[in-house]
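**Student:** Following this line is target_13.cif, made up of mmCIF, C-alpha atoms and all ligand atoms:
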data_start
loop_
_atom_site.label_atom_id
_atom_site.label_comp_id
_atom_site.auth_asym_id
_atom_site.auth_seq_id
_atom_site.Cartn_x
_atom_site.Cartn_y
_atom_site.Cartn_z
CA MET A 1 129.84 -34.03 -106.30
CA GLU A 2 128.56 -35.57 -109.54
CA ILE A 3 130.75 -38.66 -109.11
CA THR A 4 129.47 -39.09 -105.54
CA ALA A 5 125.87 -38.76 -106.76
CA ASP A 6 126.56 -41.46 -109.35
CA LEU A 7 127.80 -43.79 -106.58
CA LEU A 8 124.80 -43.07 -104.33
CA TYR A 9 122.48 -43.90 -107.22
CA LYS A 10 124.24 -47.19 -107.85
CA GLN A 11 123.85 -47.98 -104.13
CA LYS A 12 120.10 -47.37 -104.64
CA LEU A 13 120.10 -44.55 -102.11
CA ILE A 14 119.00 -42.08 -104.80
CA ARG A 15 115.86 -43.07 -106.72
CA GLY A 16 114.12 -41.49 -109.70
CA PHE A 17 115.89 -39.36 -112.27
CA LEU A 18 119.48 -38.21 -112.13
CA HIS A 19 121.18 -36.23 -114.92
CA LEU A 20 124.82 -35.36 -114.31
CA ALA A 21 126.66 -32.44 -115.87
CA ASP A 22 130.35 -33.28 -115.48
CA GLY A 23 132.11 -31.97 -118.57
CA GLN A 24 129.85 -28.90 -118.68
CA GLU A 25 131.24 -27.08 -115.60
CA ALA A 26 132.67 -24.11 -117.48
CA ILE A 27 129.20 -22.87 -118.39
CA PRO A 28 127.69 -22.00 -114.99
CA THR A 29 131.14 -20.94 -113.76
CA GLY A 30 131.70 -18.53 -116.64
CA ILE A 31 128.16 -17.14 -116.59
CA GLU A 32 128.26 -16.48 -112.83
CA ALA A 33 131.58 -14.65 -113.23
CA ALA A 34 129.85 -12.21 -115.61
CA ILE A 35 126.51 -11.57 -113.89
CA THR A 36 125.12 -11.09 -110.36
CA PHE A 37 122.44 -12.80 -108.30
CA GLN A 38 120.11 -9.95 -109.30
CA ASP A 39 120.18 -11.40 -112.82
CA SER A 40 118.04 -14.51 -113.25
CA ILE A 41 118.75 -18.03 -114.49
CA ILE A 42 116.31 -20.73 -115.51
CA GLN A 43 117.36 -24.13 -116.80
CA SER A 44 116.42 -27.67 -117.73
CA TYR A 45 116.98 -30.72 -115.50
CA ARG A 46 120.82 -30.85 -115.74
CA ASP A 47 120.98 -28.26 -112.99
CA HIS A 48 123.36 -29.28 -110.18
CA SER A 49 126.33 -27.08 -111.11
CA THR A 50 124.09 -24.11 -111.84
CA PHE A 51 122.51 -24.44 -108.40
CA ILE A 52 125.97 -24.40 -106.79
CA GLY A 53 126.86 -21.32 -108.85
CA ARG A 54 123.70 -19.57 -107.58
CA GLY A 55 124.89 -19.97 -103.99
CA GLY A 56 123.40 -23.40 -103.25
CA THR A 57 125.24 -25.99 -101.18
CA VAL A 58 126.33 -29.56 -101.83
CA ARG A 59 124.27 -30.58 -98.79
CA GLU A 60 121.07 -29.07 -100.28
CA ILE A 61 121.68 -30.97 -103.52
CA MET A 62 122.54 -34.29 -101.90
CA ALA A 63 119.59 -34.06 -99.51
CA GLU A 64 117.29 -33.33 -102.46
CA LEU A 65 118.65 -36.30 -104.42
CA LEU A 66 118.13 -38.51 -101.37
CA GLY A 67 114.56 -37.18 -100.92
CA ARG A 68 115.27 -35.49 -97.58
CA VAL A 69 113.66 -32.47 -96.00
CA ASP A 70 116.90 -30.41 -96.01
CA GLY A 71 117.00 -30.61 -99.82
CA ALA A 72 116.76 -27.62 -102.15
CA ALA A 73 113.07 -28.41 -102.78
CA LYS A 74 112.43 -29.93 -99.32
CA GLY A 75 112.96 -33.42 -100.74
CA LEU A 76 109.86 -33.15 -102.93
CA GLY A 77 111.46 -32.42 -106.28
CA GLY A 78 114.59 -34.50 -106.82
CA SER A 79 117.51 -33.86 -109.11
CA MET A 80 115.56 -32.05 -111.83
CA HIS A 81 113.94 -29.51 -109.53
CA LEU A 82 116.51 -27.42 -107.73
CA TYR A 83 115.53 -23.80 -107.03
CA LYS A 84 117.09 -20.84 -105.25
CA LYS A 85 114.50 -18.11 -105.33
CA GLU A 86 116.49 -15.67 -103.16
CA ASN A 87 119.30 -15.71 -105.76
CA ASN A 88 116.97 -15.74 -108.76
CA PHE A 89 117.42 -19.35 -109.82
CA TYR A 90 114.05 -20.47 -111.17
CA GLY A 91 114.84 -24.18 -111.60
CA GLY A 92 115.32 -27.04 -112.63
CA HIS A 93 112.60 -28.13 -115.26
CA GLY A 94 111.90 -31.65 -116.48
CA ILE A 95 109.84 -31.09 -119.60
CA VAL A 96 112.16 -30.30 -122.47
CA GLY A 97 111.98 -26.70 -123.70
CA THR A 98 109.06 -25.54 -121.56
CA HIS A 99 111.17 -23.28 -119.40
CA VAL A 100 112.50 -21.26 -122.35
CA PRO A 101 109.32 -19.15 -122.69
CA LEU A 102 109.36 -18.82 -118.89
CA GLY A 103 112.89 -17.42 -119.22
CA ALA A 104 111.58 -14.83 -121.69
CA GLY A 105 108.85 -14.03 -119.16
CA ILE A 106 111.42 -13.51 -116.41
CA GLY A 107 113.35 -11.22 -118.78
CA LEU A 108 110.12 -9.30 -119.37
CA ALA A 109 109.74 -8.87 -115.59
CA HIS A 110 113.25 -7.37 -115.45
CA LYS A 111 112.34 -4.95 -118.24
CA TYR A 112 108.98 -4.08 -116.68
CA ARG A 113 110.64 -3.30 -113.36
CA LYS A 114 113.47 -1.39 -115.08
CA ASP A 115 115.94 -3.01 -112.69
CA GLY A 116 118.82 -3.20 -115.19
CA HIS A 117 119.09 -6.99 -115.00
CA VAL A 118 118.66 -9.84 -117.47
CA ALA A 119 117.49 -13.44 -117.61
CA PHE A 120 119.62 -16.32 -118.86
CA ALA A 121 117.52 -19.23 -120.20
CA LEU A 122 119.70 -22.35 -120.49
CA TYR A 123 118.57 -25.29 -122.66
CA GLY A 124 120.04 -28.12 -124.69
CA GLU A 125 120.57 -28.33 -128.44
CA GLY A 126 117.78 -30.95 -128.45
CA ALA A 127 115.37 -28.48 -126.87
CA ALA A 128 116.46 -25.90 -129.46
CA ASN A 129 114.28 -27.71 -132.04
CA GLN A 130 111.10 -27.11 -130.04
CA GLY A 131 108.40 -24.83 -131.44
CA GLN A 132 107.90 -22.99 -128.18
CA VAL A 133 111.56 -21.90 -128.20
CA HIS A 134 110.89 -20.09 -131.48
CA GLU A 135 107.68 -18.57 -130.12
CA ALA A 136 109.76 -17.23 -127.23
CA TYR A 137 112.31 -15.85 -129.73
CA ASN A 138 109.52 -14.01 -131.56
CA LEU A 139 108.05 -12.23 -128.55
CA ALA A 140 111.45 -11.55 -127.00
CA ALA A 141 112.64 -9.84 -130.19
CA LEU A 142 109.34 -8.03 -130.72
CA TRP A 143 109.38 -6.60 -127.20
CA ASP A 144 113.18 -6.16 -126.84
CA ILE A 145 113.21 -8.43 -123.81
CA PRO A 146 116.56 -8.66 -121.99
CA VAL A 147 116.95 -12.43 -122.24
CA VAL A 148 120.03 -14.43 -123.20
CA PHE A 149 118.99 -17.67 -124.91
CA THR A 150 121.86 -19.94 -123.89
CA ILE A 151 122.16 -23.27 -125.67
CA GLU A 152 124.29 -25.86 -123.91
CA ASN A 153 125.22 -27.86 -126.98
CA ASN A 154 126.59 -31.05 -125.44
CA GLN A 155 126.25 -32.78 -128.83
CA PHE A 156 123.55 -35.31 -127.84
CA GLY A 157 119.84 -35.27 -126.98
CA MET A 158 119.60 -38.51 -125.00
CA GLY A 159 121.27 -40.96 -127.45
CA THR A 160 120.74 -38.91 -130.62
CA SER A 161 123.56 -36.81 -131.97
CA ALA A 162 122.73 -33.23 -132.95
CA ARG A 163 123.35 -33.87 -136.65
CA ARG A 164 120.74 -36.65 -136.69
CA ALA A 165 118.10 -34.39 -135.13
CA SER A 166 118.78 -30.91 -136.51
CA LYS A 167 118.88 -29.73 -140.13
CA ASN A 168 121.05 -26.79 -139.07
CA THR A 169 123.49 -27.65 -136.30
CA GLU A 170 124.90 -24.12 -136.10
CA PHE A 171 122.49 -23.30 -133.31
CA TYR A 172 123.75 -19.75 -132.83
CA THR A 173 122.47 -18.91 -136.34
CA ARG A 174 118.96 -20.18 -135.77
CA GLY A 175 117.46 -17.06 -134.24
CA ASP A 176 116.80 -15.44 -137.66
CA TYR A 177 116.27 -11.84 -136.45
CA ILE A 178 118.09 -12.55 -133.13
CA PRO A 179 121.89 -12.36 -133.30
CA GLY A 180 123.90 -15.30 -132.04
CA VAL A 181 127.44 -16.04 -130.91
CA TRP A 182 129.30 -19.35 -130.90
CA VAL A 183 131.23 -19.84 -127.65
CA ASP A 184 133.80 -22.42 -126.58
CA GLY A 185 131.71 -23.82 -123.72
CA MET A 186 134.69 -25.76 -122.35
CA ASP A 187 136.58 -22.55 -121.58
CA ALA A 188 135.26 -20.71 -118.50
CA LEU A 189 136.98 -17.47 -119.55
CA ALA A 190 135.39 -17.54 -123.01
CA VAL A 191 132.00 -18.19 -121.38
CA LYS A 192 132.59 -15.26 -119.02
CA SER A 193 133.45 -12.80 -121.83
CA ALA A 194 130.56 -13.94 -124.01
CA SER A 195 128.11 -13.72 -121.09
CA ALA A 196 129.25 -10.21 -120.14
CA PHE A 197 128.87 -9.13 -123.78
CA ALA A 198 125.44 -10.82 -124.04
CA LYS A 199 124.18 -9.17 -120.85
CA GLN A 200 125.14 -5.73 -122.17
CA HIS A 201 123.60 -6.48 -125.54
CA ALA A 202 120.37 -7.77 -123.98
CA LEU A 203 120.00 -4.64 -121.87
CA GLU A 204 120.65 -2.26 -124.73
CA ARG A 205 119.16 -4.08 -127.72
CA GLY A 206 117.11 -7.10 -126.64
CA PRO A 207 117.59 -10.86 -126.93
CA ILE A 208 120.71 -12.66 -128.07
CA ILE A 209 121.63 -16.33 -128.49
CA LEU A 210 124.80 -17.90 -127.08
CA GLU A 211 125.65 -21.38 -128.32
CA MET A 212 127.98 -22.97 -125.79
CA ASP A 213 129.88 -25.81 -127.44
CA THR A 214 130.36 -28.40 -124.69
CA TYR A 215 130.34 -32.13 -123.90
CA ARG A 216 128.84 -34.39 -121.26
CA TYR A 217 130.98 -37.24 -119.95
CA HIS A 218 128.21 -39.22 -118.26
CA GLY A 219 125.32 -40.78 -120.15
CA HIS A 220 122.16 -38.74 -120.65
CA SER A 221 120.80 -39.90 -117.31
CA ILE A 222 122.18 -42.41 -114.88
CA SER A 223 120.31 -45.26 -116.58
CA ASP A 224 122.21 -44.60 -119.83
CA PRO A 225 125.76 -46.01 -119.92
CA GLY A 226 126.44 -43.36 -122.59
CA SER A 227 128.63 -45.60 -124.72
CA THR A 228 126.27 -47.10 -127.32
CA TYR A 229 125.98 -44.01 -129.51
CA ARG A 230 129.57 -42.79 -129.17
CA THR A 231 132.90 -44.45 -128.55
CA ARG A 232 134.86 -44.47 -125.30
CA ASP A 233 137.76 -43.12 -127.37
CA GLU A 234 135.67 -40.06 -128.25
CA ILE A 235 134.96 -39.37 -124.56
CA ARG A 236 138.62 -39.94 -123.61
CA GLY A 237 139.76 -37.69 -126.47
CA ILE A 238 137.54 -34.78 -125.36
CA ARG A 239 138.68 -35.20 -121.76
CA ARG A 240 142.30 -35.10 -122.84
CA ALA A 241 141.99 -32.15 -125.22
CA ARG A 242 139.22 -29.94 -123.81
CA ASP A 243 138.39 -30.76 -120.18
CA PRO A 244 137.16 -27.47 -118.64
CA ILE A 245 138.76 -28.00 -115.23
CA GLU A 246 142.10 -29.15 -116.62
CA HIS A 247 142.06 -26.08 -118.85
CA VAL A 248 141.80 -23.76 -115.83
CA ARG A 249 144.47 -25.77 -113.99
CA ALA A 250 146.86 -25.42 -116.96
CA LEU A 251 146.24 -21.65 -117.19
CA LEU A 252 146.87 -21.13 -113.46
CA LEU A 253 150.13 -23.06 -113.61
CA GLU A 254 151.30 -21.55 -116.88
CA HIS A 255 150.83 -18.01 -115.56
CA GLY A 256 152.36 -18.79 -112.18
CA LEU A 257 149.09 -17.98 -110.36
CA ALA A 258 149.14 -21.20 -108.32
CA LYS A 259 151.54 -23.96 -107.39
CA PRO A 260 150.70 -27.62 -108.15
CA GLU A 261 150.55 -28.43 -104.42
CA GLU A 262 148.04 -25.61 -103.83
CA LEU A 263 145.76 -27.03 -106.52
CA LYS A 264 146.14 -30.52 -105.05
CA GLN A 265 145.14 -29.08 -101.68
CA ILE A 266 142.00 -27.48 -103.17
CA GLU A 267 141.12 -30.81 -104.79
CA ASN A 268 141.50 -32.65 -101.49
CA ASP A 269 139.47 -30.00 -99.65
CA VAL A 270 136.66 -30.30 -102.21
CA LYS A 271 136.59 -34.11 -101.89
CA LYS A 272 136.45 -33.83 -98.10
CA HIS A 273 133.73 -31.17 -98.28
CA VAL A 274 131.57 -33.29 -100.62
CA ALA A 275 131.98 -36.35 -98.37
CA GLU A 276 131.01 -34.39 -95.23
CA GLU A 277 128.05 -32.68 -96.86
CA THR A 278 126.83 -36.03 -98.21
CA GLU A 279 126.98 -37.55 -94.71
CA GLU A 280 125.01 -34.57 -93.34
CA ALA A 281 122.44 -34.97 -96.10
CA LYS A 282 122.01 -38.66 -95.23
CA ARG A 283 121.24 -37.69 -91.62
CA SER A 284 118.34 -35.45 -92.75
CA SER A 285 114.85 -37.01 -92.50
CA PRO A 286 112.29 -37.65 -95.24
CA PRO A 287 109.66 -34.92 -95.61
CA PRO A 288 106.53 -35.40 -93.45
CA LEU A 289 103.44 -36.67 -95.22
CA CYS A 290 101.59 -33.39 -94.73
CA TYR A 291 104.03 -31.78 -97.20
CA LEU A 292 102.13 -33.64 -99.90
CA TRP A 293 99.47 -30.96 -99.48
CA LYS A 294 101.36 -28.08 -97.99
CA TYR A 295 103.63 -27.41 -100.98
CA VAL A 296 101.43 -28.74 -103.77
CA TYR A 297 98.34 -26.57 -103.52
CA LYS A 298 98.40 -22.85 -102.96
CA LYS A 299 96.74 -21.86 -99.70
CA GLY A 300 93.08 -21.01 -100.20
CA TRP A 301 92.65 -23.01 -103.42
CA GLY A 302 90.32 -25.37 -101.59
CA ALA A 303 92.13 -28.68 -102.15
CA LYS A 304 89.91 -31.44 -100.79
CA LEU A 305 91.01 -34.57 -98.98
CA ARG A 306 88.94 -37.72 -99.16
CA PRO A 307 87.49 -38.47 -95.70
CA VAL A 308 89.26 -41.85 -95.60
CA GLU A 309 92.70 -40.19 -95.69
CA LEU A 310 91.76 -37.89 -92.86
CA SER A 311 90.03 -40.52 -90.69
CA ARG A 312 92.93 -42.97 -90.96
CA GLY A 313 95.33 -40.21 -90.06
CA TYR A 314 97.47 -40.76 -93.20
CA ILE A 315 97.68 -37.04 -93.77
CA GLN A 316 97.46 -34.14 -91.38
CA LEU A 317 96.21 -30.89 -92.84
CA PRO A 318 98.73 -28.09 -92.58
CA PRO A 319 97.79 -25.32 -90.16
C1 LIG A 401 108.60 -32.45 -124.03
C2 LIG A 401 109.56 -33.57 -123.70
N1 LIG A 401 109.86 -34.48 -124.65
C3 LIG A 401 110.71 -35.49 -124.38
C4 LIG A 401 111.27 -35.60 -123.13
C5 LIG A 401 112.26 -36.72 -122.84
N2 LIG A 401 113.61 -36.17 -122.84
C6 LIG A 401 114.21 -35.87 -121.67
S1 LIG A 401 115.69 -35.21 -121.91
C7 LIG A 401 115.59 -35.32 -123.57
C8 LIG A 401 116.74 -34.85 -124.45
C9 LIG A 401 116.97 -33.38 -124.42
O1 LIG A 401 118.22 -33.07 -124.96
P1 LIG A 401 118.87 -31.64 -124.85
O2 LIG A 401 117.81 -30.60 -124.92
O3 LIG A 401 119.96 -31.56 -125.86
O4 LIG A 401 119.46 -31.55 -123.38
P2 LIG A 401 120.62 -32.42 -122.69
O5 LIG A 401 119.97 -33.62 -122.09
O6 LIG A 401 121.60 -32.76 -123.76
O7 LIG A 401 121.22 -31.56 -121.61
C10 LIG A 401 114.38 -35.87 -123.95
C11 LIG A 401 113.97 -36.10 -125.34
C12 LIG A 401 110.93 -34.63 -122.14
N3 LIG A 401 111.44 -34.66 -120.93
N4 LIG A 401 110.09 -33.62 -122.46
#
Let me see the file written as C-alpha cells.
Ligand SMILES: Cc1ncc(C[n+]2csc(CCOP(=O)(O)OP(=O)(O)O)c2C)c(N)n1

**Tutor:**
Amino acid sequence: MEITADLLYKQKLIRGFLHLADGQEAIPTGIEAAITFQDSIIQSYRDHSTFIGRGGTVREIMAELLGRVDGAAKGLGGSMHLYKKENNFYGGHGIVGTHVPLGAGIGLAHKYRKDGHVAFALYGEGAANQGQVHEAYNLAALWDIPVVFTIENNQFGMGTSARRASKNTEFYTRGDYIPGVWVDGMDALAVKSASAFAKQHALERGPIILEMDTYRYHGHSISDPGSTYRTRDEIRGIRRARDPIEHVRALLLEHGLAKPEELKQIENDVKKHVAEETEEAKRSSPPPLCYLWKYVYKKGWGAKLRPVELSRGYIQLPP
C-alpha cells in the first residue's frame, strides 16, 4: 500500500503531504494483537498502518490520499488525517506533539467511565522533546490516567538524527516518575507482549512509557529522498537484519507454521487487493463544495457566508 501511494504521488495524483511508514509495520500490528477496539489510539501524521489495524480499508486510505469523497475523512483531510471513530482511532494529527495531551484526555475519559480500557498515544522521538508531552506526563501520573505513551523511535525527526536533537536518547527513561520500557519495535511479538503488559500496568497503576525502537525506510515525507542524512548502506543493512515483515516470515517458516508457497500466495493476494482498492478509490468523486461548510463548522455555530458566494452559487448551504 505504501509503495503504491509513493507511485501515485510521483504521478501527481496525490497532492499535499504524504508520510509513509514502511519499516514501522510491527508497531500497529503488535499493539492491535494486545488490545481491542474498545481501547483507544491517537497518533501523529504517519498513520496509514494504524488506520488499517483499527479496521480501516485500503480503499478508504487511497481515496483520502486522492482527495475523494469515499476517503476516511471524506477527502477533506488527506494522509495526515485518518480517523475511525467507531473503532476508537482518534487520528491522524499534523502538528507535532499536540495529540499527546489529547491521548491523556482520552485515557481520562476511559477512567472516568470506568470502562476498563486504555488509550495509546503514539508519537515520534522528535515529538518526545516537546514541552506539552511532559505536561501530559505530569497530569497523567498525578491522576493515574490509563494511558500508554508510545514513542515510535524511528531514529530521525525529519532529517535530524535523535542524537543531534535529544540530550538523552534513552526515551523510555525520560518519564521521571513514569516507568518506561524499551521495546524492539521491529519485532511484532515483542510489541505485542510489551503492549499487553503496558495495558495491564496502565489500568492498575497509571501511565507507562513504551519506547519502540524502529526505522523508517522512506524519507520523512515524500518530498524527502531520505538519503542525505544517512547512507543507503544503513537503510539496506537495517532491511537485511531487522525488517519486521521478513522477521515474521522467518519465524513462520522456522516453526513450520506456513509453507513458502502459502506466504507467496498471501503476498500476491495483498498486491492484487491493493491494486483493486486503488482503482476503486480512483473511481470515487471529489467531495462536493458544500462540504467546505458542512464538516468544518459545527451545526448551530452561526458560520456566515459572504453574499457573493451564495449569489454566484459557488457554495450551497447544507440542509
Ligand atoms: C509543532 C510543529 N513543529 C514542527 C513541525 C514540522 N515537522 C513535521 S514532522 C517533524 C518531525 C517530527 O519527528 P518525529 O516526532 O520523530 O516523528 P517522525 O516523523 O519521525 O515519525 C517536524 C519537525 C510540525 N508539524 N509541528

**Student:** Let me know the centre plus edge lengths, in Å and rounded to one decimal, of a box with edges along x, y and z that contains all listed atoms of ligand LIG 401 (chain A) and is padded by 6 Å on every side, as AutoDock Vina command-line options.

**Tutor:**
--center_x 115.1 --center_y -33.7 --center_z -123.4 --size_x 25.0 --size_y 18.1 --size_z 16.9

**Student:** Within 7 Å of ligand LIG 401 (chain A), which residues show up when you count only C-alpha atoms and all ligand atoms? List them as a list in words, please.

**Tutor:** Arg46, Gly94, Ile95, Val96, Gly97, Tyr123, Gly124, Glu125, Gly126, Ala127, Ala128, Glu152, Asn153, Asn154, Gln155, Phe156, Gly157, Met158 and His220 of chain A

**Student:** What separation in Å, quoted to one decimal, exists between atom CA of A:Leu253 and atom CA of A:Met212?

**Tutor:**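 Distance between the two atoms: 25.3 Å.
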
**Student:** Between atom CA of A:Gly16 and atom CA of A:Pro244, what is the distance in Å, rounded to a tenth?

**Tutor:**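 Going from atom CA of A:Gly16 over to atom CA of A:Pro244, I get 28.4 Å.
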
**Student:** Using 12 Å as the limit and counting all atoms listed in the file, can you tabulate each residue of stretch 11-89 of chain A that touches stretch 193-197 of chain A, with its shortest atom-to-atom distance in Å and the two atoms involved, as a Markdown table?

**Tutor:**
| residue | atom | partner | partner_atom | distance |
| --- | --- | --- | --- | --- |
| A:Ala26 | CA | A:Ser195 | CA | 11.9 |
| A:Ile27 | CA | A:Ser195 | CA | 9.6 |
| A:Pro28 | CA | A:Ser195 | CA | 10.3 |
| A:Thr29 | CA | A:Ser195 | CA | 10.7 |
| A:Gly30 | CA | A:Ser195 | CA | 7.5 |
| A:Ile31 | CA | A:Ser195 | CA | 5.7 |
| A:Glu32 | CA | A:Ser195 | CA | 8.7 |
| A:Ala33 | CA | A:Ala196 | CA | 8.5 |
| A:Ala34 | CA | A:Ala196 | CA | 5.0 |
| A:Ile35 | CA | A:Ala196 | CA | 7.0 |
| A:Thr36 | CA | A:Ala196 | CA | 10.7 |
| A:Asp39 | CA | A:Ser195 | CA | 11.7 |

**Student:** What is the atom CA of A:Glu2-atom CA of A:Val147 distance in Å, reported with one decimal?

**Tutor:** 28.8 Å

**Student:** Have stretch 273-297 of chain A completed to N, CA and C atoms, please, and pass it along as a PDB file, in the frame of the given file.

**Tutor:**
ATOM      1  N   HIS A 273     134.968 -31.948 -98.432  1.00  0.00           N
ATOM      2  CA  HIS A 273     133.730 -31.170 -98.280  1.00  0.00           C
ATOM      3  C   HIS A 273     132.530 -31.954 -98.818  1.00  0.00           C
ATOM      4  N   VAL A 274     132.683 -32.532-100.016  1.00  0.00           N
ATOM      5  CA  VAL A 274     131.570 -33.290-100.620  1.00  0.00           C
ATOM      6  C   VAL A 274     131.214 -34.480 -99.728  1.00  0.00           C
ATOM      7  N   ALA A 275     132.242 -35.169 -99.214  1.00  0.00           N
ATOM      8  CA  ALA A 275     131.980 -36.350 -98.370  1.00  0.00           C
ATOM      9  C   ALA A 275     131.243 -35.930 -97.092  1.00  0.00           C
ATOM     10  N   GLU A 276     131.667 -34.833 -96.478  1.00  0.00           N
ATOM     11  CA  GLU A 276     131.010 -34.390 -95.230  1.00  0.00           C
ATOM     12  C   GLU A 276     129.575 -33.941 -95.482  1.00  0.00           C
ATOM     13  N   GLU A 277     129.402 -33.169 -96.541  1.00  0.00           N
ATOM     14  CA  GLU A 277     128.050 -32.680 -96.860  1.00  0.00           C
ATOM     15  C   GLU A 277     127.116 -33.857 -97.189  1.00  0.00           C
ATOM     16  N   THR A 278     127.654 -34.862 -97.856  1.00  0.00           N
ATOM     17  CA  THR A 278     126.830 -36.030 -98.210  1.00  0.00           C
ATOM     18  C   THR A 278     126.402 -36.756 -96.931  1.00  0.00           C
ATOM     19  N   GLU A 279     127.328 -36.885 -95.984  1.00  0.00           N
ATOM     20  CA  GLU A 279     126.980 -37.550 -94.710  1.00  0.00           C
ATOM     21  C   GLU A 279     125.905 -36.754 -93.981  1.00  0.00           C
ATOM     22  N   GLU A 280     126.039 -35.429 -93.968  1.00  0.00           N
ATOM     23  CA  GLU A 280     125.010 -34.570 -93.340  1.00  0.00           C
ATOM     24  C   GLU A 280     123.668 -34.768 -94.017  1.00  0.00           C
ATOM     25  N   ALA A 281     123.687 -34.813 -95.334  1.00  0.00           N
ATOM     26  CA  ALA A 281     122.440 -34.970 -96.100  1.00  0.00           C
ATOM     27  C   ALA A 281     121.762 -36.293 -95.737  1.00  0.00           C
ATOM     28  N   LYS A 282     122.580 -37.343 -95.567  1.00  0.00           N
ATOM     29  CA  LYS A 282     122.010 -38.660 -95.230  1.00  0.00           C
ATOM     30  C   LYS A 282     121.327 -38.629 -93.870  1.00  0.00           C
ATOM     31  N   ARG A 283     121.822 -37.758 -92.970  1.00  0.00           N
ATOM     32  CA  ARG A 283     121.240 -37.690 -91.620  1.00  0.00           C
ATOM     33  C   ARG A 283     119.899 -36.941 -91.603  1.00  0.00           C
ATOM     34  N   SER A 284     119.605 -36.195 -92.683  1.00  0.00           N
ATOM     35  CA  SER A 284     118.340 -35.450 -92.750  1.00  0.00           C
ATOM     36  C   SER A 284     117.180 -36.444 -92.919  1.00  0.00           C
ATOM     37  N   SER A 285     115.969 -36.058 -92.430  1.00  0.00           N
ATOM     38  CA  SER A 285     114.850 -37.010 -92.500  1.00  0.00           C
ATOM     39  C   SER A 285     113.998 -36.803 -93.758  1.00  0.00           C
ATOM     40  N   PRO A 286     113.198 -37.813 -94.104  1.00  0.00           N
ATOM     41  CA  PRO A 286     112.290 -37.650 -95.240  1.00  0.00           C
ATOM     42  C   PRO A 286     111.243 -36.586 -94.913  1.00  0.00           C
ATOM     43  N   PRO A 287     110.669 -35.932 -95.900  1.00  0.00           N
ATOM     44  CA  PRO A 287     109.660 -34.920 -95.610  1.00  0.00           C
ATOM     45  C   PRO A 287     108.420 -35.552 -94.972  1.00  0.00           C
ATOM     46  N   PRO A 288     107.744 -34.849 -94.035  1.00  0.00           N
ATOM     47  CA  PRO A 288     106.530 -35.400 -93.450  1.00  0.00           C
ATOM     48  C   PRO A 288     105.414 -35.512 -94.485  1.00  0.00           C
ATOM     49  N   LEU A 289     104.501 -36.436 -94.248  1.00  0.00           N
ATOM     50  CA  LEU A 289     103.440 -36.670 -95.220  1.00  0.00           C
ATOM     51  C   LEU A 289     102.617 -35.423 -95.540  1.00  0.00           C
ATOM     52  N   CYS A 290     102.447 -34.562 -94.508  1.00  0.00           N
ATOM     53  CA  CYS A 290     101.590 -33.390 -94.730  1.00  0.00           C
ATOM     54  C   CYS A 290     102.151 -32.454 -95.805  1.00  0.00           C
ATOM     55  N   TYR A 291     103.459 -32.608 -96.140  1.00  0.00           N
ATOM     56  CA  TYR A 291     104.030 -31.780 -97.200  1.00  0.00           C
ATOM     57  C   TYR A 291     103.394 -32.085 -98.557  1.00  0.00           C
ATOM     58  N   LEU A 292     102.804 -33.287 -98.656  1.00  0.00           N
ATOM     59  CA  LEU A 292     102.130 -33.640 -99.900  1.00  0.00           C
ATOM     60  C   LEU A 292     101.128 -32.558-100.274  1.00  0.00           C
ATOM     61  N   TRP A 293     100.495 -31.987 -99.257  1.00  0.00           N
ATOM     62  CA  TRP A 293      99.470 -30.960 -99.480  1.00  0.00           C
ATOM     63  C   TRP A 293     100.049 -29.570 -99.329  1.00  0.00           C
ATOM     64  N   LYS A 294     100.908 -29.425 -98.326  1.00  0.00           N
ATOM     65  CA  LYS A 294     101.360 -28.080 -97.990  1.00  0.00           C
ATOM     66  C   LYS A 294     102.029 -27.361 -99.165  1.00  0.00           C
ATOM     67  N   TYR A 295     102.875 -28.083 -99.927  1.00  0.00           N
ATOM     68  CA  TYR A 295     103.630 -27.410-100.980  1.00  0.00           C
ATOM     69  C   TYR A 295     103.143 -27.777-102.377  1.00  0.00           C
ATOM     70  N   VAL A 296     101.966 -28.385-102.453  1.00  0.00           N
ATOM     71  CA  VAL A 296     101.430 -28.740-103.770  1.00  0.00           C
ATOM     72  C   VAL A 296     100.341 -27.764-104.161  1.00  0.00           C
ATOM     73  N   TYR A 297      99.423 -27.502-103.227  1.00  0.00           N
ATOM     74  CA  TYR A 297      98.340 -26.570-103.520  1.00  0.00           C
ATOM     75  C   TYR A 297      98.584 -25.238-102.844  1.00  0.00           C
TER      76      TYR A 297
END
